>>> print(open('run02.csv').read())   # CSV, C-alpha atoms
chain,number,residue,atom,x,y,z
A,1,MET,CA,-14.5,24.2,-49.5
A,2,THR,CA,-17.2,26.1,-47.7
A,3,LYS,CA,-20.7,26.6,-48.9
A,4,GLU,CA,-19.6,30.1,-50.1
A,5,GLY,CA,-17.0,28.4,-52.3
A,6,ARG,CA,-14.1,29.8,-50.3
A,7,LYS,CA,-11.4,27.5,-49.0
A,8,ALA,CA,-12.3,26.4,-45.5
A,9,ARG,CA,-10.0,27.3,-42.6
A,10,HIS,CA,-8.7,24.1,-41.0
A,11,VAL,CA,-9.1,23.7,-37.3
A,12,GLY,CA,-7.3,21.0,-35.2
A,13,ILE,CA,-8.6,20.1,-31.8
A,14,LEU,CA,-6.4,18.6,-29.1
A,15,ILE,CA,-8.0,16.4,-26.5
A,16,SER,CA,-6.9,14.0,-23.7
A,17,GLY,CA,-10.3,12.7,-22.5
A,18,ARG,CA,-14.0,12.7,-23.5
A,19,GLY,CA,-13.6,15.9,-25.3
A,20,SER,CA,-17.0,17.4,-24.6
A,21,ASN,CA,-15.9,20.8,-25.8
A,22,MET,CA,-14.4,19.2,-29.0
A,23,LEU,CA,-17.8,17.6,-29.7
A,24,ALA,CA,-19.5,21.0,-29.1
A,25,LEU,CA,-17.1,22.6,-31.6
A,26,ALA,CA,-17.5,19.9,-34.2
A,27,ASP,CA,-21.3,20.2,-34.0
A,28,ALA,CA,-21.1,24.0,-34.2
A,29,VAL,CA,-19.0,23.7,-37.3
A,30,ARG,CA,-21.3,21.1,-38.8
A,31,ASP,CA,-24.4,23.3,-38.0
A,32,GLY,CA,-22.9,26.3,-39.7
A,33,ARG,CA,-22.3,28.3,-36.5
A,34,VAL,CA,-18.6,28.7,-37.3
A,35,PRO,CA,-18.8,30.0,-40.9
A,36,GLY,CA,-15.8,29.1,-43.1
A,37,ALA,CA,-14.3,26.5,-40.6
A,38,GLU,CA,-13.7,22.8,-41.0
A,39,VAL,CA,-12.4,20.5,-38.3
A,40,ALA,CA,-9.5,18.8,-40.0
A,41,VAL,CA,-8.3,16.5,-37.2
A,42,VAL,CA,-8.9,15.6,-33.6
A,43,LEU,CA,-5.6,14.7,-32.0
A,44,SER,CA,-5.2,13.0,-28.6
A,45,ASP,CA,-2.1,12.3,-26.5
A,46,LYS,CA,-3.9,9.4,-24.9
A,47,PRO,CA,-5.1,6.4,-27.0
A,48,GLN,CA,-7.9,5.7,-24.6
A,49,ALA,CA,-9.5,9.2,-24.9
A,50,ALA,CA,-13.2,8.6,-25.2
A,51,GLY,CA,-13.6,11.6,-27.5
A,52,LEU,CA,-11.7,9.8,-30.4
A,53,ALA,CA,-14.5,7.4,-31.1
A,54,ARG,CA,-17.1,10.2,-30.9
A,55,ALA,CA,-15.1,12.3,-33.4
A,56,ARG,CA,-14.8,9.3,-35.8
A,57,GLU,CA,-18.6,8.8,-35.6
A,58,ARG,CA,-18.8,12.3,-36.9
A,59,GLY,CA,-16.5,11.5,-39.8
A,60,ILE,CA,-13.6,13.5,-38.5
A,61,GLU,CA,-10.1,12.2,-38.8
A,62,THR,CA,-8.5,11.3,-35.5
A,63,LEU,CA,-4.9,10.8,-34.6
A,64,VAL,CA,-3.1,9.6,-31.4
A,65,VAL,CA,0.4,11.0,-30.7
A,66,GLU,CA,1.7,9.6,-27.4
A,67,ARG,CA,4.4,11.2,-25.4
A,68,THR,CA,5.9,7.9,-24.3
A,69,GLY,CA,9.7,8.0,-23.8
A,70,ARG,CA,10.2,11.3,-25.5
A,71,THR,CA,11.0,14.9,-24.5
A,72,ARG,CA,8.2,17.4,-24.5
A,73,GLU,CA,9.8,19.1,-27.5
A,74,GLU,CA,10.0,15.9,-29.6
A,75,HIS,CA,6.3,15.1,-28.7
A,76,GLU,CA,5.2,18.6,-29.6
A,77,ARG,CA,7.2,18.6,-32.8
A,78,GLU,CA,5.3,15.5,-34.0
A,79,ILE,CA,2.0,17.2,-33.2
A,80,VAL,CA,3.0,20.4,-35.0
A,81,SER,CA,4.0,18.3,-38.1
A,82,ALA,CA,0.7,16.4,-38.1
A,83,LEU,CA,-1.2,19.7,-37.8
A,84,ARG,CA,0.8,21.3,-40.5
A,85,GLU,CA,0.3,18.4,-42.9
A,86,ARG,CA,-3.4,18.9,-42.6
A,87,GLY,CA,-3.2,22.6,-43.2
A,88,VAL,CA,-4.3,23.4,-39.7
A,89,GLU,CA,-4.5,27.2,-39.1
A,90,PHE,CA,-6.2,27.2,-35.7
A,91,VAL,CA,-5.7,24.9,-32.8
A,92,CYS,CA,-8.3,24.5,-30.1
A,93,LEU,CA,-7.4,22.8,-26.8
A,94,ALA,CA,-10.4,20.9,-25.4
A,95,GLY,CA,-9.4,19.2,-22.2
A,96,TYR,CA,-5.8,18.7,-23.4
A,97,MET,CA,-4.0,17.9,-20.2
A,98,ARG,CA,-0.5,19.0,-21.1
A,99,LEU,CA,1.0,22.5,-20.9
A,100,LEU,CA,2.3,23.6,-24.3
A,101,SER,CA,5.8,24.7,-24.6
A,102,PRO,CA,6.8,28.2,-25.9
A,103,CYS,CA,7.9,26.3,-29.1
A,104,PHE,CA,4.4,25.1,-29.9
A,105,VAL,CA,2.9,28.5,-29.0
A,106,GLY,CA,5.4,30.2,-31.2
A,107,GLU,CA,4.5,27.9,-34.2
A,108,PHE,CA,0.9,28.9,-33.9
A,109,ARG,CA,1.3,32.4,-32.4
A,110,GLY,CA,-2.2,33.9,-31.8
A,111,ARG,CA,-3.9,30.9,-33.3
A,112,VAL,CA,-4.1,28.5,-30.3
A,113,LEU,CA,-7.3,28.8,-28.3
A,114,ASN,CA,-8.1,27.3,-24.8
A,115,ILE,CA,-11.2,27.2,-22.7
A,116,HIS,CA,-11.1,27.5,-18.9
A,117,PRO,CA,-14.0,26.9,-16.5
A,118,SER,CA,-13.7,30.2,-14.6
A,119,LEU,CA,-13.9,33.9,-15.2
A,120,LEU,CA,-10.2,34.5,-15.6
A,121,PRO,CA,-8.0,35.9,-14.1
A,122,ALA,CA,-9.9,34.4,-11.2
A,123,PHE,CA,-9.1,30.7,-10.5
A,124,PRO,CA,-6.5,29.7,-13.1
A,125,GLY,CA,-5.0,26.2,-13.0
A,126,LEU,CA,-6.6,23.0,-11.9
A,127,ASP,CA,-10.0,22.5,-10.2
A,128,ALA,CA,-11.3,26.0,-11.1
A,129,GLN,CA,-14.8,25.1,-10.1
A,130,ARG,CA,-13.8,23.9,-6.7
A,131,GLN,CA,-11.6,27.0,-6.2
A,132,ALA,CA,-14.7,29.1,-7.0
A,133,ILE,CA,-16.9,27.2,-4.6
A,134,GLU,CA,-14.3,27.4,-1.8
A,135,HIS,CA,-13.6,31.1,-2.4
A,136,GLY,CA,-17.3,31.8,-2.0
A,137,VAL,CA,-17.8,33.8,-5.2
A,138,LYS,CA,-21.4,34.5,-6.3
A,139,PHE,CA,-20.6,34.3,-10.0
A,140,SER,CA,-18.2,32.2,-12.0
A,141,GLY,CA,-18.3,31.1,-15.6
A,142,CYS,CA,-15.9,30.3,-18.4
A,143,THR,CA,-13.2,32.0,-20.5
A,144,VAL,CA,-12.0,31.3,-24.0
A,145,HIS,CA,-8.6,32.8,-24.5
A,146,PHE,CA,-5.5,32.8,-26.7
A,147,VAL,CA,-2.8,30.6,-25.4
A,148,ASP,CA,0.5,32.2,-24.6
A,149,GLU,CA,3.4,31.3,-22.4
A,150,THR,CA,1.5,32.0,-19.2
A,151,LEU,CA,-0.8,29.6,-17.3
A,152,ASP,CA,-4.3,30.5,-18.5
A,153,GLY,CA,-3.1,34.0,-19.0
A,154,GLY,CA,-3.4,34.9,-22.7
A,155,PRO,CA,-5.8,37.5,-24.2
A,156,ILE,CA,-9.4,36.8,-23.5
A,157,ILE,CA,-11.7,36.3,-26.5
A,158,THR,CA,-15.0,35.7,-24.8
A,159,GLN,CA,-16.4,34.9,-21.4
A,160,ARG,CA,-19.8,33.7,-20.1
A,161,VAL,CA,-21.1,34.2,-16.6
A,162,VAL,CA,-22.8,31.5,-14.4
A,163,ALA,CA,-24.4,32.2,-11.0
A,164,VAL,CA,-23.0,30.2,-8.1
A,165,LEU,CA,-25.8,29.0,-5.9
A,166,ASP,CA,-25.7,28.3,-2.2
A,167,SER,CA,-26.7,24.7,-3.0
A,168,ASP,CA,-24.0,24.2,-5.5
A,169,THR,CA,-21.4,21.5,-5.2
A,170,GLU,CA,-18.3,21.4,-7.4
A,171,GLU,CA,-20.2,19.0,-9.7
A,172,THR,CA,-23.4,20.9,-10.1
A,173,LEU,CA,-21.5,24.1,-10.8
A,174,ALA,CA,-19.1,22.4,-13.2
A,175,ALA,CA,-22.2,21.0,-15.2
A,176,ARG,CA,-23.8,24.5,-15.5
A,177,ILE,CA,-20.5,26.0,-16.5
A,178,LEU,CA,-19.9,23.3,-19.1
A,179,ALA,CA,-23.1,24.1,-20.9
A,180,GLU,CA,-21.9,27.7,-21.2
A,181,GLU,CA,-18.4,26.5,-22.3
A,182,HIS,CA,-20.0,24.8,-25.3
A,183,ARG,CA,-21.6,28.0,-26.4
A,184,ALA,CA,-18.6,30.2,-25.6
A,185,TYR,CA,-16.1,28.1,-27.5
A,186,ALA,CA,-18.2,28.1,-30.7
A,187,GLU,CA,-18.7,31.8,-30.5
A,188,ALA,CA,-15.0,32.4,-29.9
A,189,LEU,CA,-13.9,30.2,-32.8
A,190,ALA,CA,-16.3,31.9,-35.1
A,191,LEU,CA,-14.9,35.3,-34.2
A,192,VAL,CA,-11.3,34.1,-34.6
A,193,CYS,CA,-11.9,32.2,-37.9
A,194,GLY,CA,-13.8,35.1,-39.3
A,195,GLY,CA,-10.9,37.4,-38.5
A,196,GLY,CA,-13.3,40.1,-37.3
A,197,TYR,CA,-11.2,41.1,-34.3
A,198,GLU,CA,-8.0,42.9,-33.3
A,199,VAL,CA,-5.8,42.5,-30.2
A,200,VAL,CA,-4.9,45.8,-28.6
A,201,GLY,CA,-2.6,45.3,-25.6
A,202,ARG,CA,-4.4,42.4,-23.9
A,203,ARG,CA,-7.8,43.3,-25.2
A,204,VAL,CA,-9.5,41.3,-27.9
A,205,LEU,CA,-11.8,43.9,-29.6
A,206,ARG,CA,-14.3,43.4,-32.4
A,207,LYS,CA,-13.3,45.2,-35.6
A,208,LYS,CA,-15.7,48.0,-36.4
B,209,MET,CA,-36.7,52.2,17.1
B,210,THR,CA,-37.9,50.6,13.8
B,211,LYS,CA,-41.4,50.7,12.5
B,212,GLU,CA,-41.9,47.2,14.0
B,213,GLY,CA,-41.0,48.5,17.4
B,214,ARG,CA,-37.8,46.7,17.7
B,215,LYS,CA,-34.6,48.5,18.6
B,216,ALA,CA,-32.9,49.5,15.3
B,217,ARG,CA,-29.4,48.1,14.6
B,218,HIS,CA,-27.0,51.0,14.4
B,219,VAL,CA,-24.8,51.3,11.3
B,220,GLY,CA,-21.7,53.5,11.1
B,221,ILE,CA,-20.4,54.5,7.7
B,222,LEU,CA,-16.8,55.5,7.1
B,223,ILE,CA,-15.9,57.8,4.2
B,224,SER,CA,-13.0,59.8,2.9
B,225,GLY,CA,-14.6,61.6,-0.1
B,226,ARG,CA,-17.9,62.1,-1.8
B,227,GLY,CA,-19.3,58.9,-0.3
B,228,SER,CA,-21.6,58.0,-3.1
B,229,ASN,CA,-22.1,54.5,-1.6
B,230,MET,CA,-22.7,56.1,1.8
B,231,LEU,CA,-25.6,58.1,0.3
B,232,ALA,CA,-26.9,55.0,-1.5
B,233,LEU,CA,-26.9,53.2,1.8
B,234,ALA,CA,-28.5,56.1,3.7
B,235,ASP,CA,-31.3,56.3,1.1
B,236,ALA,CA,-31.8,52.6,1.1
B,237,VAL,CA,-32.2,52.7,4.9
B,238,ARG,CA,-34.6,55.7,4.7
B,239,ASP,CA,-36.7,53.9,2.0
B,240,GLY,CA,-37.1,50.8,4.1
B,241,ARG,CA,-34.8,48.6,1.9
B,242,VAL,CA,-32.6,47.7,4.9
B,243,PRO,CA,-35.2,46.7,7.5
B,244,GLY,CA,-34.3,47.2,11.1
B,245,ALA,CA,-31.3,49.4,10.4
B,246,GLU,CA,-30.5,53.0,11.2
B,247,VAL,CA,-27.5,55.0,10.1
B,248,ALA,CA,-26.2,56.3,13.4
B,249,VAL,CA,-23.2,58.2,12.2
B,250,VAL,CA,-21.1,59.0,9.1
B,251,LEU,CA,-17.5,59.4,10.0
B,252,SER,CA,-14.7,60.8,7.8
B,253,ASP,CA,-11.0,60.9,8.3
B,254,LYS,CA,-10.9,64.0,6.1
B,255,PRO,CA,-12.7,67.2,7.1
B,256,GLN,CA,-13.2,68.2,3.4
B,257,ALA,CA,-15.0,65.0,2.5
B,258,ALA,CA,-17.9,66.2,0.3
B,259,GLY,CA,-20.1,63.4,1.7
B,260,LEU,CA,-20.3,65.0,5.1
B,261,ALA,CA,-22.6,67.8,4.0
B,262,ARG,CA,-24.7,65.4,2.0
B,263,ALA,CA,-25.2,63.2,5.1
B,264,ARG,CA,-26.1,66.2,7.3
B,265,GLU,CA,-28.7,67.3,4.7
B,266,ARG,CA,-30.3,63.9,5.4
B,267,GLY,CA,-30.3,64.5,9.2
B,268,ILE,CA,-27.5,62.1,9.9
B,269,GLU,CA,-24.9,62.9,12.5
B,270,THR,CA,-21.4,63.4,11.1
B,271,LEU,CA,-18.0,63.3,12.7
B,272,VAL,CA,-14.5,64.0,11.5
B,273,VAL,CA,-11.7,62.1,13.1
B,274,GLU,CA,-8.4,63.1,11.6
B,275,ARG,CA,-5.3,61.0,11.7
B,276,THR,CA,-3.0,64.1,12.1
B,277,GLY,CA,0.2,63.4,14.1
B,278,ARG,CA,-1.0,60.1,15.6
B,279,THR,CA,-0.3,56.5,15.1
B,280,ARG,CA,-2.8,54.4,13.2
B,281,GLU,CA,-3.7,52.6,16.4
B,282,GLU,CA,-4.4,55.9,18.2
B,283,HIS,CA,-6.5,57.1,15.3
B,284,GLU,CA,-8.5,53.9,15.0
B,285,ARG,CA,-9.0,53.7,18.8
B,286,GLU,CA,-10.8,57.1,18.6
B,287,ILE,CA,-12.9,55.9,15.7
B,288,VAL,CA,-13.8,52.7,17.6
B,289,SER,CA,-14.8,54.8,20.7
B,290,ALA,CA,-17.0,57.1,18.6
B,291,LEU,CA,-18.7,54.1,17.0
B,292,ARG,CA,-19.2,52.3,20.3
B,293,GLU,CA,-20.6,55.5,22.0
B,294,ARG,CA,-23.3,55.5,19.3
B,295,GLY,CA,-24.1,51.8,19.7
B,296,VAL,CA,-22.8,51.0,16.2
B,297,GLU,CA,-23.0,47.2,15.5
B,298,PHE,CA,-22.1,47.3,11.8
B,299,VAL,CA,-19.5,49.3,10.0
B,300,CYS,CA,-19.7,50.0,6.3
B,301,LEU,CA,-16.7,51.3,4.5
B,302,ALA,CA,-17.7,53.6,1.6
B,303,GLY,CA,-14.6,54.9,-0.1
B,304,TYR,CA,-12.7,55.1,3.2
B,305,MET,CA,-9.1,55.4,1.9
B,306,ARG,CA,-7.2,53.8,4.8
B,307,LEU,CA,-6.5,50.2,5.5
B,308,LEU,CA,-7.9,49.1,8.8
B,309,SER,CA,-5.6,47.4,11.3
B,310,PRO,CA,-6.2,44.0,12.7
B,311,CYS,CA,-7.2,45.8,16.0
B,312,PHE,CA,-10.1,47.5,14.3
B,313,VAL,CA,-11.1,44.4,12.5
B,314,GLY,CA,-11.0,42.5,15.8
B,315,GLU,CA,-13.2,45.0,17.5
B,316,PHE,CA,-15.9,44.5,14.9
B,317,ARG,CA,-15.1,41.0,13.8
B,318,GLY,CA,-17.5,39.9,11.0
B,319,ARG,CA,-19.4,43.2,11.2
B,320,VAL,CA,-17.2,45.4,8.9
B,321,LEU,CA,-18.4,45.5,5.3
B,322,ASN,CA,-16.5,46.9,2.3
B,323,ILE,CA,-17.4,47.3,-1.3
B,324,HIS,CA,-14.9,46.8,-4.2
B,325,PRO,CA,-15.4,47.7,-7.9
B,326,SER,CA,-14.5,44.3,-9.3
B,327,LEU,CA,-15.6,40.7,-9.2
B,328,LEU,CA,-13.1,39.6,-6.5
B,329,PRO,CA,-10.8,37.8,-6.3
B,330,ALA,CA,-10.0,39.4,-9.7
B,331,PHE,CA,-8.4,42.9,-9.5
B,332,PRO,CA,-8.0,43.6,-5.8
B,333,GLY,CA,-6.4,46.9,-4.7
B,334,LEU,CA,-6.4,50.3,-6.4
B,335,ASP,CA,-7.8,51.1,-9.8
B,336,ALA,CA,-9.8,47.9,-10.2
B,337,GLN,CA,-11.7,49.2,-13.2
B,338,ARG,CA,-8.6,50.1,-15.0
B,339,GLN,CA,-7.1,46.8,-14.2
B,340,ALA,CA,-10.2,45.1,-15.6
B,341,ILE,CA,-10.0,47.1,-18.9
B,342,GLU,CA,-6.3,46.5,-19.3
B,343,HIS,CA,-6.7,42.8,-18.6
B,344,GLY,CA,-9.3,42.6,-21.3
B,345,VAL,CA,-12.0,40.8,-19.3
B,346,LYS,CA,-15.5,40.7,-20.8
B,347,PHE,CA,-17.3,41.0,-17.5
B,348,SER,CA,-16.5,42.8,-14.3
B,349,GLY,CA,-18.7,44.1,-11.5
B,350,CYS,CA,-18.6,44.7,-7.8
B,351,THR,CA,-18.2,42.8,-4.6
B,352,VAL,CA,-19.5,43.5,-1.1
B,353,HIS,CA,-17.4,41.5,1.4
B,354,PHE,CA,-16.6,41.2,5.1
B,355,VAL,CA,-13.4,42.9,6.0
B,356,ASP,CA,-10.6,40.8,7.4
B,357,GLU,CA,-6.9,41.2,7.7
B,358,THR,CA,-6.3,40.6,4.0
B,359,LEU,CA,-6.5,43.2,1.2
B,360,ASP,CA,-10.0,42.9,-0.3
B,361,GLY,CA,-10.0,39.2,0.8
B,362,GLY,CA,-12.7,38.6,3.3
B,363,PRO,CA,-15.8,36.4,2.7
B,364,ILE,CA,-18.0,37.6,-0.1
B,365,ILE,CA,-21.6,38.7,0.8
B,366,THR,CA,-22.8,39.6,-2.7
B,367,GLN,CA,-21.6,40.4,-6.1
B,368,ARG,CA,-23.2,42.0,-9.2
B,369,VAL,CA,-22.0,41.6,-12.8
B,370,VAL,CA,-21.4,44.3,-15.4
B,371,ALA,CA,-20.4,43.6,-19.0
B,372,VAL,CA,-17.3,45.3,-20.2
B,373,LEU,CA,-17.8,46.8,-23.7
B,374,ASP,CA,-15.2,47.2,-26.4
B,375,SER,CA,-16.0,50.9,-26.3
B,376,ASP,CA,-15.5,51.2,-22.5
B,377,THR,CA,-12.9,53.5,-20.9
B,378,GLU,CA,-12.0,53.3,-17.3
B,379,GLU,CA,-14.5,56.1,-16.6
B,380,THR,CA,-17.5,54.6,-18.5
B,381,LEU,CA,-17.0,51.2,-16.9
B,382,ALA,CA,-16.6,52.7,-13.4
B,383,ALA,CA,-19.9,54.6,-13.8
B,384,ARG,CA,-21.8,51.4,-14.8
B,385,ILE,CA,-20.2,49.5,-12.0
B,386,LEU,CA,-21.0,52.3,-9.5
B,387,ALA,CA,-24.8,52.0,-10.3
B,388,GLU,CA,-24.6,48.3,-9.4
B,389,GLU,CA,-22.5,49.0,-6.3
B,390,HIS,CA,-25.4,51.1,-4.9
B,391,ARG,CA,-27.8,48.2,-5.3
B,392,ALA,CA,-25.3,45.6,-4.1
B,393,TYR,CA,-24.4,47.4,-0.9
B,394,ALA,CA,-28.0,47.9,0.2
B,395,GLU,CA,-28.8,44.2,-0.5
B,396,ALA,CA,-25.7,43.1,1.4
B,397,LEU,CA,-26.4,45.3,4.4
B,398,ALA,CA,-30.0,44.1,4.5
B,399,LEU,CA,-28.8,40.5,4.6
B,400,VAL,CA,-26.2,41.1,7.3
B,401,CYS,CA,-28.5,43.3,9.5
B,402,GLY,CA,-31.3,40.8,9.2
B,403,GLY,CA,-28.9,38.0,10.3
B,404,GLY,CA,-30.3,35.6,7.7
B,405,TYR,CA,-26.9,34.2,6.7
B,406,GLU,CA,-24.1,31.9,8.0
B,407,VAL,CA,-20.4,31.8,7.1
B,408,VAL,CA,-19.2,28.3,6.2
B,409,GLY,CA,-15.5,28.4,5.4
B,410,ARG,CA,-15.3,31.4,3.2
B,411,ARG,CA,-18.8,31.0,1.8
B,412,VAL,CA,-21.6,33.4,3.0
B,413,LEU,CA,-24.8,31.3,2.6
B,414,ARG,CA,-28.4,32.3,3.2
B,415,LYS,CA,-30.0,30.5,6.2
B,416,LYS,CA,-32.7,28.2,5.1
>>> encode(input="run02.csv", output="structure tokens")
Amino acid sequence: MTKEGRKARHVGILISGRGSNMLALADAVRDGRVPGAEVAVVLSDKPQAAGLARARERGIETLVVERTGRTREEHEREIVSALRERGVEFVCLAGYMRLLSPCFVGEFRGRVLNIHPSLLPAFPGLDAQRQAIEHGVKFSGCTVHFVDETLDGGPIITQRVVAVLDSDTEETLAARILAEEHRAYAEALALVCGGGYEVVGRRVLRKK
Amino acid sequence: MTKEGRKARHVGILISGRGSNMLALADAVRDGRVPGAEVAVVLSDKPQAAGLARARERGIETLVVERTGRTREEHEREIVSALRERGVEFVCLAGYMRLLSPCFVGEFRGRVLNIHPSLLPAFPGLDAQRQAIEHGVKFSGCTVHFVDETLDGGPIITQRVVAVLDSDTEETLAARILAEEHRAYAEALALVCGGGYEVVGRRVLRKK
């Protein structure tokens, strides 16, 4: 239950590693910056993901669902079941290193969020920060978007801009973008959980 | 001659229409915001281009070189000759509606600048502002880049960012981006004329 006495909307977060965006989301929820939301479970496909212990320290249930020896569909079906059992309405990907199948996306249509370290549609895919440096752009940033069947191509919920400096390396740029990712993801989840938006074509607009 | 007594570096500006960026560049040069530069000629491939009269009002030589009945190469060769006769070192495209051939680019390698109304590499080609609106990005902007053989793909000299608002239409966004284009183009030409940069890979870096 939320402070306002309404039933909290359950969020599941999928990670594969340290889950820095997961921690930022968990802290934002704890601090009241995502009103009406509760992180119900943090789920990793890798048992060694460092984020699992950090989530448990915060009193959040964690779960490991490994792929080992199974088809992608079987693996995803188990994840979907685990999320459904916990009443998860919104799924946030936070460094989850697998592409989701159309089946998964279909189960949570319009309710799976991902964050990407570039101003999409520029630099989709891996190593976005390196792509930005090598392309020579003067600004990059991050994008929170709904996940659909395309690679980093779903409707954009929010973006934040970061200047690329002449002195930047992939690492220094990634660090500055990451700080903005933490803010952007909490903002986006708050908007989506609050329901104060509509999707018109590809545009995610705030309801008036 | 410049105020400092050095020989001015001659800039040629190519237009096809009203040439709003041409006027912004001409005014920036006149106001001393592009030190050491002089606009030697404004050249249009269309005799009816509204920018021609505006350039003449400012005391700038204008020239019309029509394509009519000739190959692209013949047309470009005449433009190159006209620019060379006037000692033009840098060529700025300002709403010039033709693609330049590799020949032209080769004649002025690394000295042809273009401006594009998006944060490249996002939304190259026509109707960049409409593309941005339809894609649902939260930020767009403009890019001044060196022209090479690719479409809007040469090394990026400068970019400026503009927020895309929920209430934006293609027209309102284009107007806000255009104001930034005028600033960006003058900044970029000043950097390039001053020589205070180096191109490393695709990156345009300021010399230390």
>>> closest_residue(input="run02.csv", among="A:Val199, A:Ala122, A:Leu173, A:Leu178", to="chain B", atoms="only C-alpha atoms")
A:Ala122
>>> closest_residue(input="run02.csv", among="A:Glu198, A:Glu78, A:Glu85, A:Glu73", to="chain B", atoms="all atoms listed in the file")
A:Glu198
>>> interface_residues(input="run02.csv", of="chain B", to="chain A", cutoff="9 Å", atoms="only C-alpha atoms", output="ChimeraX atom specification")
/B:327-331,341-347,363-369,373-375,409-414
>>> atom_distance(input="run02.csv", atom1="CA of Gly87 (chain A)", atom2="CA of His75 (chain A)")
18.9 Å
>>> closest_residue(input="run02.csv", among="A:Ala53, A:Ala175, A:Val65, A:Leu126", to="Met97 (chain A)", atoms="all atoms listed in the file")
A:Leu126
>>> closest_residue(input="run02.csv", among="B:Val272, B:Gly333, B:Gly303, B:Ala245", to="Thr358 (chain B)", atoms="all atoms listed in the file")
B:Gly333
>>> residues_near_point(input="run02.csv", point="(-9.6, 22.5, -37.2)", cutoff="7 Å", atoms="only C-alpha atoms", output="VMD selection string")
chain A and resid 10 to 13 38 to 41 88 90 to 91
>>> atom_distance(input="run02.csv", atom1="CA of Gly403 (chain B)", atom2="CA of Arg391 (chain B)")
18.7 Å
>>> atom_distance(input="run02.csv", atom1="CA of Val352 (chain B)", atom2="CA of Arg384 (chain B)")
16.0 Å
>>> closest_residue(input="run02.csv", among="B:Val372, B:Val400, B:Glu395, B:Phe316", to="Arg292 (chain B)", atoms="all atoms listed in the file")
B:Phe316
>>> closest_residue(input="run02.csv", among="A:Lys46, A:His145, A:Arg56, A:His182", to="Asn21 (chain A)", atoms="all atoms listed in the file")
A:His182
>>> residues_around(input="run02.csv", residues="Asp148 (chain A)", least_positions_apart="3", cutoff="10 Å", atoms="only C-alpha atoms", output="list in words")
Leu100, Ser101, Pro102, Phe104, Val105, Gly106, Phe108, Arg109, Gly110, Arg111, Val112, Leu113, Asn114, His145, Leu151, Asp152, Gly153, Gly154 and Pro155 of chain A
>>> build_atoms(input="run02.csv", residues="region 279-289 of chain B", atoms="N, CA, C and O atoms", output="compact mmCIF listing (two decimals), in the frame of the given file")
# COMPACT_ATOMS: atom_id res chain seq x y z
N THR B 279 -0.46 57.80 15.67
CA THR B 279 -0.30 56.50 15.10
C THR B 279 -1.61 55.98 14.57
O THR B 279 -2.67 56.46 14.95
N ARG B 280 -1.53 54.98 13.67
CA ARG B 280 -2.80 54.40 13.20
C ARG B 280 -3.61 53.82 14.31
O ARG B 280 -4.82 53.98 14.31
N GLU B 281 -2.94 53.22 15.28
CA GLU B 281 -3.70 52.60 16.40
C GLU B 281 -4.45 53.68 17.19
O GLU B 281 -5.62 53.48 17.52
N GLU B 282 -3.76 54.80 17.47
CA GLU B 282 -4.40 55.90 18.20
C GLU B 282 -5.65 56.39 17.44
O GLU B 282 -6.73 56.60 18.00
N HIS B 283 -5.43 56.59 16.16
CA HIS B 283 -6.50 57.10 15.30
C HIS B 283 -7.69 56.13 15.28
O HIS B 283 -8.84 56.52 15.50
N GLU B 284 -7.38 54.86 15.10
CA GLU B 284 -8.50 53.90 15.00
C GLU B 284 -9.16 53.72 16.38
O GLU B 284 -10.37 53.49 16.43
N ARG B 285 -8.39 53.87 17.47
CA ARG B 285 -9.00 53.70 18.80
C ARG B 285 -10.07 54.81 19.00
O ARG B 285 -11.14 54.54 19.53
N GLU B 286 -9.76 56.00 18.49
CA GLU B 286 -10.80 57.10 18.60
C GLU B 286 -11.99 56.80 17.77
O GLU B 286 -13.12 57.07 18.20
N ILE B 287 -11.77 56.25 16.59
CA ILE B 287 -12.90 55.90 15.70
C ILE B 287 -13.77 54.83 16.40
O ILE B 287 -15.00 54.92 16.45
N VAL B 288 -13.10 53.80 16.92
CA VAL B 288 -13.80 52.70 17.60
C VAL B 288 -14.66 53.27 18.74
O VAL B 288 -15.84 52.92 18.91
N SER B 289 -14.05 54.18 19.54
CA SER B 289 -14.80 54.80 20.70
C SER B 289 -16.01 55.52 20.20
O SER B 289 -17.11 55.37 20.78
